[in-house]
>>> print(open('target.tsv').read())   # TSV, N, CA and C atoms
chain	number	residue	atom	x	y	z
A	25	LYS	N	-1.83	8.06	20.87
A	25	LYS	CA	-1.56	7.17	19.75
A	25	LYS	C	-2.87	6.88	19.05
A	26	ILE	N	-2.83	7.03	17.75
A	26	ILE	CA	-4.04	6.88	16.94
A	26	ILE	C	-4.02	5.53	16.22
A	27	PRO	N	-5.12	4.78	16.27
A	27	PRO	CA	-5.17	3.51	15.55
A	27	PRO	C	-5.04	3.73	14.04
A	28	PRO	N	-4.41	2.81	13.34
A	28	PRO	CA	-4.16	2.99	11.90
A	28	PRO	C	-5.43	3.18	11.07
A	29	HIS	N	-6.50	2.45	11.40
A	29	HIS	CA	-7.72	2.59	10.60
A	29	HIS	C	-8.35	3.98	10.78
A	30	VAL	N	-8.20	4.55	11.97
A	30	VAL	CA	-8.70	5.90	12.21
A	30	VAL	C	-7.83	6.92	11.46
A	31	LEU	N	-6.53	6.71	11.48
A	31	LEU	CA	-5.62	7.59	10.74
A	31	LEU	C	-5.93	7.57	9.24
A	32	ALA	N	-6.18	6.39	8.70
A	32	ALA	CA	-6.51	6.27	7.27
A	32	ALA	C	-7.82	7.00	6.97
A	33	ASP	N	-8.81	6.85	7.84
A	33	ASP	CA	-10.09	7.53	7.63
A	33	ASP	C	-9.93	9.05	7.70
A	34	ARG	N	-9.17	9.53	8.68
A	34	ARG	CA	-8.96	10.98	8.81
A	34	ARG	C	-8.16	11.55	7.65
A	35	LEU	N	-7.17	10.80	7.20
A	35	LEU	CA	-6.42	11.23	6.03
A	35	LEU	C	-7.33	11.29	4.80
A	36	GLY	N	-8.22	10.32	4.68
A	36	GLY	CA	-9.19	10.32	3.59
A	36	GLY	C	-10.13	11.51	3.67
A	37	GLN	N	-10.57	11.88	4.86
A	37	GLN	CA	-11.43	13.05	5.02
A	37	GLN	C	-10.69	14.32	4.63
A	38	TYR	N	-9.43	14.41	5.01
A	38	TYR	CA	-8.62	15.58	4.67
A	38	TYR	C	-8.45	15.70	3.15
A	39	VAL	N	-8.14	14.59	2.51
A	39	VAL	CA	-7.95	14.58	1.06
A	39	VAL	C	-9.27	14.90	0.36
A	40	HIS	N	-10.36	14.34	0.88
A	40	HIS	CA	-11.68	14.59	0.28
A	40	HIS	C	-12.07	16.07	0.37
A	41	TYR	N	-11.70	16.72	1.44
A	41	TYR	CA	-12.02	18.15	1.63
A	41	TYR	C	-11.49	18.98	0.46
A	42	PHE	N	-10.35	18.61	-0.07
A	42	PHE	CA	-9.75	19.35	-1.17
A	42	PHE	C	-10.51	19.16	-2.49
A	43	THR	N	-11.38	18.15	-2.56
A	43	THR	CA	-12.18	17.97	-3.77
A	43	THR	C	-13.47	18.78	-3.72
A	44	LEU	N	-13.81	19.35	-2.56
A	44	LEU	CA	-15.09	20.03	-2.39
A	44	LEU	C	-15.06	21.51	-2.75
A	45	HIS	N	-13.91	22.15	-2.64
A	45	HIS	CA	-13.83	23.59	-2.82
A	45	HIS	C	-13.05	23.94	-4.09
A	46	GLY	N	-13.59	24.89	-4.84
A	46	GLY	CA	-12.97	25.30	-6.09
A	46	GLY	C	-11.65	26.02	-5.90
A	47	ALA	N	-11.43	26.61	-4.72
A	47	ALA	CA	-10.20	27.36	-4.48
A	47	ALA	C	-9.04	26.44	-4.12
A	48	LEU	N	-9.31	25.17	-3.84
A	48	LEU	CA	-8.27	24.23	-3.43
A	48	LEU	C	-8.03	23.21	-4.55
A	49	ARG	N	-6.78	22.89	-4.77
A	49	ARG	CA	-6.45	21.88	-5.78
A	49	ARG	C	-6.50	20.51	-5.13
A	50	PRO	N	-7.21	19.57	-5.76
A	50	PRO	CA	-7.29	18.22	-5.18
A	50	PRO	C	-5.94	17.50	-5.28
A	51	PHE	N	-5.75	16.55	-4.41
A	51	PHE	CA	-4.55	15.73	-4.44
A	51	PHE	C	-4.59	14.86	-5.69
A	52	GLY	N	-3.46	14.63	-6.29
A	52	GLY	CA	-3.40	13.83	-7.50
A	52	GLY	C	-2.64	12.54	-7.30
A	53	ALA	N	-2.54	12.08	-6.07
A	53	ALA	CA	-1.78	10.86	-5.80
A	53	ALA	C	-2.48	10.03	-4.75
A	54	SER	N	-2.30	8.73	-4.84
A	54	SER	CA	-2.82	7.82	-3.82
A	54	SER	C	-1.77	7.67	-2.72
A	55	CYS	N	-2.24	7.36	-1.53
A	55	CYS	CA	-1.35	7.15	-0.39
A	55	CYS	C	-1.52	5.73	0.11
A	56	VAL	N	-0.44	4.98	0.18
A	56	VAL	CA	-0.47	3.62	0.73
A	56	VAL	C	0.20	3.68	2.10
A	57	MET	N	-0.50	3.15	3.10
A	57	MET	CA	-0.03	3.25	4.47
A	57	MET	C	-0.08	1.88	5.14
A	58	GLY	N	1.03	1.45	5.68
A	58	GLY	CA	1.08	0.22	6.46
A	58	GLY	C	1.35	0.58	7.91
A	59	ALA	N	0.66	-0.09	8.84
A	59	ALA	CA	0.82	0.28	10.25
A	59	ALA	C	0.51	-0.91	11.15
A	60	TYR	N	0.90	-0.77	12.40
A	60	TYR	CA	0.64	-1.78	13.42
A	60	TYR	C	-0.22	-1.15	14.51
A	61	ASP	N	-1.35	-1.79	14.80
A	61	ASP	CA	-2.26	-1.31	15.85
A	61	ASP	C	-1.86	-1.96	17.17
A	62	GLN	N	-1.35	-1.15	18.10
A	62	GLN	CA	-0.87	-1.68	19.37
A	62	GLN	C	-1.99	-2.19	20.27
A	63	GLU	N	-3.17	-1.61	20.17
A	63	GLU	CA	-4.29	-2.05	21.00
A	63	GLU	C	-4.85	-3.39	20.53
A	64	GLU	N	-5.06	-3.52	19.23
A	64	GLU	CA	-5.63	-4.75	18.68
A	64	GLU	C	-4.56	-5.80	18.36
A	65	LYS	N	-3.30	-5.41	18.42
A	65	LYS	CA	-2.17	-6.30	18.12
A	65	LYS	C	-2.29	-6.93	16.73
A	66	LYS	N	-2.57	-6.06	15.73
A	66	LYS	CA	-2.64	-6.57	14.36
A	66	LYS	C	-2.12	-5.51	13.40
A	67	TYR	N	-1.74	-5.99	12.22
A	67	TYR	CA	-1.17	-5.15	11.18
A	67	TYR	C	-2.27	-4.73	10.21
A	68	GLY	N	-2.05	-3.62	9.55
A	68	GLY	CA	-3.02	-3.15	8.57
A	68	GLY	C	-2.33	-2.48	7.39
A	69	LEU	N	-2.94	-2.62	6.23
A	69	LEU	CA	-2.47	-1.97	5.01
A	69	LEU	C	-3.64	-1.19	4.45
A	70	TYR	N	-3.45	0.10	4.26
A	70	TYR	CA	-4.54	0.98	3.84
A	70	TYR	C	-4.10	1.80	2.63
A	71	MET	N	-5.07	2.14	1.79
A	71	MET	CA	-4.81	3.04	0.68
A	71	MET	C	-5.87	4.13	0.67
A	72	VAL	N	-5.41	5.37	0.56
A	72	VAL	CA	-6.30	6.52	0.44
A	72	VAL	C	-6.19	7.02	-0.99
A	73	GLU	N	-7.30	7.05	-1.69
A	73	GLU	CA	-7.32	7.47	-3.09
A	73	GLU	C	-7.46	8.99	-3.17
A	74	PRO	N	-7.18	9.57	-4.34
A	74	PRO	CA	-7.25	11.04	-4.49
A	74	PRO	C	-8.63	11.64	-4.20
A	75	ASN	N	-9.68	10.82	-4.29
A	75	ASN	CA	-11.01	11.33	-3.99
A	75	ASN	C	-11.34	11.27	-2.50
A	76	GLY	N	-10.44	10.71	-1.70
A	76	GLY	CA	-10.63	10.65	-0.25
A	76	GLY	C	-11.11	9.31	0.27
A	77	ALA	N	-11.38	8.37	-0.60
A	77	ALA	CA	-11.84	7.05	-0.19
A	77	ALA	C	-10.67	6.28	0.43
A	78	ALA	N	-10.89	5.70	1.61
A	78	ALA	CA	-9.86	4.93	2.31
A	78	ALA	C	-10.32	3.48	2.40
A	79	TYR	N	-9.44	2.57	2.01
A	79	TYR	CA	-9.76	1.15	2.01
A	79	TYR	C	-8.66	0.36	2.72
A	80	SER	N	-9.02	-0.81	3.24
A	80	SER	CA	-8.07	-1.72	3.86
A	80	SER	C	-7.82	-2.87	2.89
A	81	PHE	N	-6.57	-3.34	2.83
A	81	PHE	CA	-6.19	-4.38	1.88
A	81	PHE	C	-5.26	-5.40	2.51
A	82	TYR	N	-5.18	-6.59	1.88
A	82	TYR	CA	-4.14	-7.58	2.19
A	82	TYR	C	-2.91	-7.28	1.35
A	83	GLY	N	-3.13	-6.79	0.14
A	83	GLY	CA	-2.07	-6.39	-0.77
A	83	GLY	C	-2.66	-5.40	-1.75
A	84	VAL	N	-1.92	-4.36	-2.09
A	84	VAL	CA	-2.46	-3.30	-2.94
A	84	VAL	C	-1.37	-2.74	-3.84
A	85	ALA	N	-1.79	-2.23	-4.99
A	85	ALA	CA	-0.87	-1.58	-5.91
A	85	ALA	C	-1.54	-0.32	-6.42
A	86	THR	N	-0.72	0.67	-6.76
A	86	THR	CA	-1.24	1.92	-7.30
A	86	THR	C	-0.26	2.44	-8.34
A	87	GLY	N	-0.74	3.31	-9.19
A	87	GLY	CA	0.13	3.90	-10.20
A	87	GLY	C	0.15	3.12	-11.49
A	88	LYS	N	1.16	3.40	-12.30
A	88	LYS	CA	1.30	2.77	-13.61
A	88	LYS	C	1.52	1.27	-13.43
A	89	GLY	N	0.76	0.47	-14.14
A	89	GLY	CA	0.91	-0.98	-14.05
A	89	GLY	C	0.21	-1.60	-12.85
A	90	LYS	N	-0.70	-0.86	-12.22
A	90	LYS	CA	-1.32	-1.37	-11.00
A	90	LYS	C	-2.19	-2.59	-11.27
A	91	GLN	N	-2.85	-2.65	-12.43
A	91	GLN	CA	-3.73	-3.78	-12.70
A	91	GLN	C	-2.93	-5.08	-12.82
A	92	ALA	N	-1.80	-5.03	-13.50
A	92	ALA	CA	-0.96	-6.23	-13.62
A	92	ALA	C	-0.41	-6.63	-12.25
A	93	ALA	N	-0.03	-5.64	-11.43
A	93	ALA	CA	0.48	-5.93	-10.09
A	93	ALA	C	-0.62	-6.53	-9.21
A	94	LYS	N	-1.84	-6.00	-9.32
A	94	LYS	CA	-2.96	-6.55	-8.54
A	94	LYS	C	-3.25	-7.99	-8.93
A	95	THR	N	-3.14	-8.28	-10.23
A	95	THR	CA	-3.36	-9.65	-10.70
A	95	THR	C	-2.33	-10.59	-10.07
A	96	GLU	N	-1.09	-10.17	-10.04
A	96	GLU	CA	-0.03	-11.00	-9.43
A	96	GLU	C	-0.25	-11.14	-7.92
A	97	LEU	N	-0.69	-10.07	-7.25
A	97	LEU	CA	-0.96	-10.13	-5.81
A	97	LEU	C	-2.12	-11.07	-5.52
A	98	GLU	N	-3.15	-11.07	-6.36
A	98	GLU	CA	-4.28	-11.97	-6.17
A	98	GLU	C	-3.87	-13.43	-6.29
A	99	LYS	N	-2.88	-13.71	-7.11
A	99	LYS	CA	-2.39	-15.09	-7.26
A	99	LYS	C	-1.77	-15.60	-5.96
A	100	LEU	N	-1.29	-14.69	-5.11
A	100	LEU	CA	-0.68	-15.10	-3.84
A	100	LEU	C	-1.73	-15.55	-2.83
A	101	ASN	N	-3.00	-15.15	-3.02
A	101	ASN	CA	-4.11	-15.56	-2.16
A	101	ASN	C	-3.83	-15.23	-0.69
A	102	LEU	N	-3.46	-13.99	-0.42
A	102	LEU	CA	-3.04	-13.57	0.92
A	102	LEU	C	-4.14	-13.61	1.97
A	103	ASN	N	-5.39	-13.49	1.56
A	103	ASN	CA	-6.46	-13.50	2.56
A	103	ASN	C	-6.70	-14.89	3.13
A	104	LYS	N	-6.32	-15.95	2.41
A	104	LYS	CA	-6.50	-17.32	2.90
A	104	LYS	C	-5.20	-17.95	3.36
A	105	GLU	N	-4.09	-17.55	2.75
A	105	GLU	CA	-2.79	-18.11	3.10
A	105	GLU	C	-1.80	-16.99	3.39
A	106	PRO	N	-1.84	-16.41	4.60
A	106	PRO	CA	-0.89	-15.32	4.90
A	106	PRO	C	0.55	-15.82	4.83
A	107	CYS	N	1.47	-14.91	4.50
A	107	CYS	CA	2.88	-15.29	4.42
A	107	CYS	C	3.68	-14.42	5.39
A	108	THR	N	4.90	-14.85	5.65
A	108	THR	CA	5.77	-14.10	6.56
A	108	THR	C	6.28	-12.84	5.87
A	109	SER	N	6.82	-11.93	6.64
A	109	SER	CA	7.36	-10.69	6.08
A	109	SER	C	8.50	-10.97	5.10
A	110	ALA	N	9.36	-11.92	5.45
A	110	ALA	CA	10.48	-12.26	4.58
A	110	ALA	C	9.98	-12.81	3.24
A	111	ASP	N	8.96	-13.67	3.29
A	111	ASP	CA	8.39	-14.20	2.04
A	111	ASP	C	7.70	-13.11	1.24
A	112	ALA	N	7.00	-12.20	1.94
A	112	ALA	CA	6.29	-11.11	1.26
A	112	ALA	C	7.27	-10.21	0.51
A	113	VAL	N	8.41	-9.91	1.12
A	113	VAL	CA	9.41	-9.07	0.47
A	113	VAL	C	9.92	-9.75	-0.80
A	114	LYS	N	10.15	-11.05	-0.74
A	114	LYS	CA	10.60	-11.80	-1.92
A	114	LYS	C	9.55	-11.77	-3.03
A	115	HIS	N	8.27	-12.00	-2.65
A	115	HIS	CA	7.19	-11.98	-3.64
A	115	HIS	C	7.06	-10.60	-4.28
A	116	ILE	N	7.11	-9.56	-3.47
A	116	ILE	CA	6.95	-8.19	-3.98
A	116	ILE	C	8.10	-7.83	-4.91
A	117	ALA	N	9.31	-8.18	-4.51
A	117	ALA	CA	10.48	-7.89	-5.36
A	117	ALA	C	10.35	-8.63	-6.69
A	118	LYS	N	9.88	-9.87	-6.66
A	118	LYS	CA	9.71	-10.64	-7.89
A	118	LYS	C	8.64	-10.01	-8.78
A	119	ILE	N	7.52	-9.58	-8.20
A	119	ILE	CA	6.44	-8.95	-8.97
A	119	ILE	C	6.91	-7.65	-9.60
A	120	LEU	N	7.58	-6.82	-8.82
A	120	LEU	CA	8.05	-5.53	-9.34
A	120	LEU	C	9.10	-5.71	-10.44
A	121	THR	N	9.98	-6.68	-10.27
A	121	THR	CA	11.00	-6.96	-11.29
A	121	THR	C	10.33	-7.46	-12.57
A	122	LEU	N	9.37	-8.36	-12.43
A	122	LEU	CA	8.65	-8.88	-13.59
A	122	LEU	C	7.93	-7.76	-14.34
A	123	LEU	N	7.24	-6.90	-13.62
A	123	LEU	CA	6.50	-5.81	-14.26
A	123	LEU	C	7.44	-4.79	-14.90
A	124	HIS	N	8.59	-4.56	-14.28
A	124	HIS	CA	9.57	-3.63	-14.85
A	124	HIS	C	10.11	-4.17	-16.18
A	125	GLN	N	10.36	-5.48	-16.22
A	125	GLN	CA	10.88	-6.09	-17.44
A	125	GLN	C	9.85	-6.13	-18.55
A	126	GLU	N	8.56	-6.30	-18.19
A	126	GLU	CA	7.50	-6.37	-19.19
A	126	GLU	C	7.18	-5.01	-19.80
A	127	ASN	N	7.45	-3.93	-19.08
A	127	ASN	CA	7.10	-2.59	-19.55
A	127	ASN	C	8.10	-2.13	-20.61
A	128	LYS	N	7.61	-1.82	-21.78
A	128	LYS	CA	8.49	-1.42	-22.89
A	128	LYS	C	9.11	-0.05	-22.66
A	129	ASP	N	8.47	0.79	-21.85
A	129	ASP	CA	9.03	2.11	-21.56
A	129	ASP	C	10.30	2.03	-20.71
A	130	ASN	N	10.52	0.88	-20.05
A	130	ASN	CA	11.65	0.74	-19.14
A	130	ASN	C	12.86	0.05	-19.76
A	131	GLU	N	12.84	-0.17	-21.06
A	131	GLU	CA	13.96	-0.88	-21.69
A	131	GLU	C	15.26	-0.12	-21.47
A	132	GLY	N	16.25	-0.82	-20.94
A	132	GLY	CA	17.56	-0.23	-20.71
A	132	GLY	C	17.66	0.58	-19.42
A	133	LYS	N	16.55	0.77	-18.73
A	133	LYS	CA	16.59	1.54	-17.48
A	133	LYS	C	16.82	0.58	-16.31
A	134	PRO	N	17.68	0.97	-15.38
A	134	PRO	CA	17.91	0.10	-14.21
A	134	PRO	C	16.71	0.16	-13.26
A	135	LEU	N	16.52	-0.90	-12.51
A	135	LEU	CA	15.44	-0.98	-11.53
A	135	LEU	C	16.03	-0.76	-10.14
A	136	GLU	N	15.47	0.18	-9.41
A	136	GLU	CA	15.89	0.45	-8.03
A	136	GLU	C	14.71	0.22	-7.12
A	137	LEU	N	14.82	-0.73	-6.19
A	137	LEU	CA	13.73	-1.06	-5.27
A	137	LEU	C	14.06	-0.56	-3.87
A	138	GLU	N	13.08	0.07	-3.23
A	138	GLU	CA	13.16	0.42	-1.82
A	138	GLU	C	11.92	-0.15	-1.18
A	139	ILE	N	12.08	-1.12	-0.31
A	139	ILE	CA	10.96	-1.81	0.31
A	139	ILE	C	11.04	-1.64	1.82
A	140	SER	N	9.90	-1.34	2.42
A	140	SER	CA	9.81	-1.20	3.87
A	140	SER	C	8.80	-2.21	4.39
A	141	TRP	N	9.02	-2.72	5.59
A	141	TRP	CA	8.09	-3.68	6.16
A	141	TRP	C	7.98	-3.46	7.67
A	142	ILE	N	6.88	-3.99	8.21
A	142	ILE	CA	6.63	-3.93	9.65
A	142	ILE	C	6.38	-5.36	10.10
A	143	CYS	N	7.12	-5.82	11.11
A	143	CYS	CA	6.91	-7.16	11.65
A	143	CYS	C	7.48	-7.22	13.06
A	144	GLU	N	7.35	-8.37	13.70
A	144	GLU	CA	7.88	-8.52	15.05
A	144	GLU	C	9.40	-8.38	15.07
A	145	ALA	N	10.05	-8.88	14.03
A	145	ALA	CA	11.52	-8.81	13.97
A	145	ALA	C	12.02	-7.37	13.89
A	146	SER	N	11.21	-6.48	13.33
A	146	SER	CA	11.62	-5.07	13.23
A	146	SER	C	11.11	-4.24	14.40
A	147	GLY	N	10.53	-4.90	15.40
A	147	GLY	CA	10.04	-4.18	16.57
A	147	GLY	C	8.79	-3.36	16.28
A	148	GLN	N	7.94	-3.82	15.36
A	148	GLN	CA	6.70	-3.15	14.94
A	148	GLN	C	6.95	-1.77	14.36
A	149	LYS	N	8.14	-1.55	13.80
A	149	LYS	CA	8.47	-0.28	13.16
A	149	LYS	C	8.89	-0.55	11.72
A	150	HIS	N	8.76	0.49	10.88
A	150	HIS	CA	9.19	0.32	9.48
A	150	HIS	C	10.69	0.02	9.44
A	151	ALA	N	11.04	-0.98	8.66
A	151	ALA	CA	12.45	-1.35	8.51
A	151	ALA	C	12.85	-1.30	7.06
>>> encode(input="target.tsv", output="structure tokens")
Amino acid sequence: KIPPHVLADRLGQYVHYFTLHGALRPFGASCVMGAYDQEEKKYGLYMVEPNGAAYSFYGVATGKGKQAAKTELEKLNLNKEPCTSADAVKHIAKILTLLHQENKDNEGKPLELEISWICEASGQKHA
């Protein structure tokens, strides 16, 4: 079993390798990974960028509208006031709904949310 921070670093090294050689096409997407470390008994949220950089976060957003989502996540002040998984799902759904409504490209398009979480209630597995 590999600790989540090591997995994020190794994934970052793999992605970075593709930026070094002209014969390989670099990855064009970020990877967000949430995991539970059984040895340290703590949760982690990591993002690996297309250049191979891996970072740990309390809350993170990527893709179109990421800056507005990051602003909303910062308002939650998660590093000082952690919230439960149930509260986090509600906050995330509210942020995504708000950003979907604000985006003019999404007018008339339905919003479909798929949210996964890891907590004690889910047995430390994605639910």
>>> residues_around(input="target.tsv", residues="Gly76 (chain A)", least_positions_apart="5", cutoff="7 Å", atoms="only N, CA and C atoms", output="number ranges by chain")
A: 35-41
>>> closest_residue(input="target.tsv", among="A:Ser54, A:Thr108, A:Asn103, A:Thr43", to="Lys90 (chain A)", atoms="only C-alpha atoms")
A:Ser54
>>> residues_around(input="target.tsv", residues="Tyr70 (chain A)", least_positions_apart="5", cutoff="8 Å", atoms="only N, CA and C atoms", output="JSON, numbers by chain")
{"A": [28, 29, 32, 55, 56, 57, 58, 59, 78, 79, 80, 81, 82, 84]}
>>> atom_distance(input="target.tsv", atom1="CA of Val72 (chain A)", atom2="CA of Ala53 (chain A)")
8.8 Å
>>> residues_around(input="target.tsv", residues="region 138-151 of chain A", least_positions_apart="3", cutoff="12 Å", atoms="only C-alpha atoms", output="ChimeraX atom specification")
/A:56-62,65-69,107-117,120,135
>>> select_by_dssp(input="target.tsv", residues="chain A", states="strand (DSSP E or B)", output="VMD selection string")
chain A and resid 55 to 61 66 to 72 78 to 81
>>> atom_distance(input="target.tsv", atom1="atom N of Lys128 (chain A)", atom2="CA of Ala92 (chain A)")
12.6 Å
>>> decode(input="target.tsv", residues="region 117-144 of chain A", atoms="N, CA and C atoms", output="PDB file, in the first residue's frame")
ATOM      1  N   ALA A 117     -21.522  21.561  -3.817  1.00  0.00           N
ATOM      2  CA  ALA A 117     -22.681  21.584  -4.721  1.00  0.00           C
ATOM      3  C   ALA A 117     -23.179  23.015  -4.910  1.00  0.00           C
ATOM      4  N   LYS A 118     -23.191  23.800  -3.834  1.00  0.00           N
ATOM      5  CA  LYS A 118     -23.635  25.188  -3.932  1.00  0.00           C
ATOM      6  C   LYS A 118     -22.681  26.001  -4.808  1.00  0.00           C
ATOM      7  N   ILE A 119     -21.371  25.815  -4.639  1.00  0.00           N
ATOM      8  CA  ILE A 119     -20.378  26.542  -5.441  1.00  0.00           C
ATOM      9  C   ILE A 119     -20.497  26.177  -6.909  1.00  0.00           C
ATOM     10  N   LEU A 120     -20.598  24.890  -7.202  1.00  0.00           N
ATOM     11  CA  LEU A 120     -20.694  24.455  -8.598  1.00  0.00           C
ATOM     12  C   LEU A 120     -21.985  24.941  -9.259  1.00  0.00           C
ATOM     13  N   THR A 121     -23.074  24.926  -8.520  1.00  0.00           N
ATOM     14  CA  THR A 121     -24.355  25.422  -9.046  1.00  0.00           C
ATOM     15  C   THR A 121     -24.266  26.919  -9.320  1.00  0.00           C
ATOM     16  N   LEU A 122     -23.681  27.661  -8.387  1.00  0.00           N
ATOM     17  CA  LEU A 122     -23.525  29.110  -8.556  1.00  0.00           C
ATOM     18  C   LEU A 122     -22.676  29.423  -9.786  1.00  0.00           C
ATOM     19  N   LEU A 123     -21.558  28.736  -9.942  1.00  0.00           N
ATOM     20  CA  LEU A 123     -20.673  28.989 -11.078  1.00  0.00           C
ATOM     21  C   LEU A 123     -21.314  28.578 -12.400  1.00  0.00           C
ATOM     22  N   HIS A 124     -22.103  27.513 -12.376  1.00  0.00           N
ATOM     23  CA  HIS A 124     -22.805  27.080 -13.596  1.00  0.00           C
ATOM     24  C   HIS A 124     -23.824  28.137 -14.032  1.00  0.00           C
ATOM     25  N   GLN A 125     -24.523  28.708 -13.061  1.00  0.00           N
ATOM     26  CA  GLN A 125     -25.530  29.720 -13.374  1.00  0.00           C
ATOM     27  C   GLN A 125     -24.901  31.023 -13.857  1.00  0.00           C
ATOM     28  N   GLU A 126     -23.718  31.366 -13.324  1.00  0.00           N
ATOM     29  CA  GLU A 126     -23.048  32.608 -13.702  1.00  0.00           C
ATOM     30  C   GLU A 126     -22.430  32.533 -15.096  1.00  0.00           C
ATOM     31  N   ASN A 127     -22.102  31.339 -15.565  1.00  0.00           N
ATOM     32  CA  ASN A 127     -21.433  31.173 -16.854  1.00  0.00           C
ATOM     33  C   ASN A 127     -22.442  31.336 -17.989  1.00  0.00           C
ATOM     34  N   LYS A 128     -22.191  32.279 -18.861  1.00  0.00           N
ATOM     35  CA  LYS A 128     -23.120  32.564 -19.964  1.00  0.00           C
ATOM     36  C   LYS A 128     -23.127  31.447 -21.004  1.00  0.00           C
ATOM     37  N   ASP A 129     -22.050  30.677 -21.087  1.00  0.00           N
ATOM     38  CA  ASP A 129     -22.003  29.569 -22.050  1.00  0.00           C
ATOM     39  C   ASP A 129     -22.951  28.435 -21.655  1.00  0.00           C
ATOM     40  N   ASN A 130     -23.388  28.413 -20.393  1.00  0.00           N
ATOM     41  CA  ASN A 130     -24.217  27.312 -19.896  1.00  0.00           C
ATOM     42  C   ASN A 130     -25.710  27.625 -19.897  1.00  0.00           C
ATOM     43  N   GLU A 131     -26.107  28.731 -20.488  1.00  0.00           N
ATOM     44  CA  GLU A 131     -27.529  29.094 -20.467  1.00  0.00           C
ATOM     45  C   GLU A 131     -28.370  28.010 -21.127  1.00  0.00           C
ATOM     46  N   GLY A 132     -29.364  27.541 -20.393  1.00  0.00           N
ATOM     47  CA  GLY A 132     -30.270  26.523 -20.917  1.00  0.00           C
ATOM     48  C   GLY A 132     -29.741  25.100 -20.806  1.00  0.00           C
ATOM     49  N   LYS A 133     -28.500  24.943 -20.390  1.00  0.00           N
ATOM     50  CA  LYS A 133     -27.934  23.599 -20.259  1.00  0.00           C
ATOM     51  C   LYS A 133     -28.184  23.075 -18.841  1.00  0.00           C
ATOM     52  N   PRO A 134     -28.574  21.821 -18.715  1.00  0.00           N
ATOM     53  CA  PRO A 134     -28.785  21.264 -17.373  1.00  0.00           C
ATOM     54  C   PRO A 134     -27.445  21.015 -16.678  1.00  0.00           C
ATOM     55  N   LEU A 135     -27.457  21.043 -15.367  1.00  0.00           N
ATOM     56  CA  LEU A 135     -26.268  20.786 -14.562  1.00  0.00           C
ATOM     57  C   LEU A 135     -26.356  19.369 -14.001  1.00  0.00           C
ATOM     58  N   GLU A 136     -25.323  18.582 -14.231  1.00  0.00           N
ATOM     59  CA  GLU A 136     -25.255  17.224 -13.686  1.00  0.00           C
ATOM     60  C   GLU A 136     -24.034  17.137 -12.792  1.00  0.00           C
ATOM     61  N   LEU A 137     -24.235  16.855 -11.505  1.00  0.00           N
ATOM     62  CA  LEU A 137     -23.139  16.765 -10.541  1.00  0.00           C
ATOM     63  C   LEU A 137     -22.894  15.313 -10.156  1.00  0.00           C
ATOM     64  N   GLU A 138     -21.621  14.934 -10.132  1.00  0.00           N
ATOM     65  CA  GLU A 138     -21.205  13.645  -9.587  1.00  0.00           C
ATOM     66  C   GLU A 138     -20.124  13.954  -8.573  1.00  0.00           C
ATOM     67  N   ILE A 139     -20.397  13.706  -7.310  1.00  0.00           N
ATOM     68  CA  ILE A 139     -19.477  14.050  -6.234  1.00  0.00           C
ATOM     69  C   ILE A 139     -19.097  12.776  -5.489  1.00  0.00           C
ATOM     70  N   SER A 140     -17.811  12.650  -5.202  1.00  0.00           N
ATOM     71  CA  SER A 140     -17.300  11.513  -4.444  1.00  0.00           C
ATOM     72  C   SER A 140     -16.623  12.036  -3.186  1.00  0.00           C
ATOM     73  N   TRP A 141     -16.693  11.287  -2.099  1.00  0.00           N
ATOM     74  CA  TRP A 141     -16.049  11.709  -0.868  1.00  0.00           C
ATOM     75  C   TRP A 141     -15.488  10.504  -0.130  1.00  0.00           C
ATOM     76  N   ILE A 142     -14.553  10.811   0.766  1.00  0.00           N
ATOM     77  CA  ILE A 142     -13.932   9.792   1.613  1.00  0.00           C
ATOM     78  C   ILE A 142     -14.098  10.257   3.051  1.00  0.00           C
ATOM     79  N   CYS A 143     -14.670   9.405   3.902  1.00  0.00           N
ATOM     80  CA  CYS A 143     -14.818   9.744   5.311  1.00  0.00           C
ATOM     81  C   CYS A 143     -14.990   8.462   6.123  1.00  0.00           C
ATOM     82  N   GLU A 144     -15.111   8.596   7.425  1.00  0.00           N
ATOM     83  CA  GLU A 144     -15.292   7.427   8.276  1.00  0.00           C
ATOM     84  C   GLU A 144     -16.598   6.705   7.953  1.00  0.00           C
TER      85      GLU A 144
END
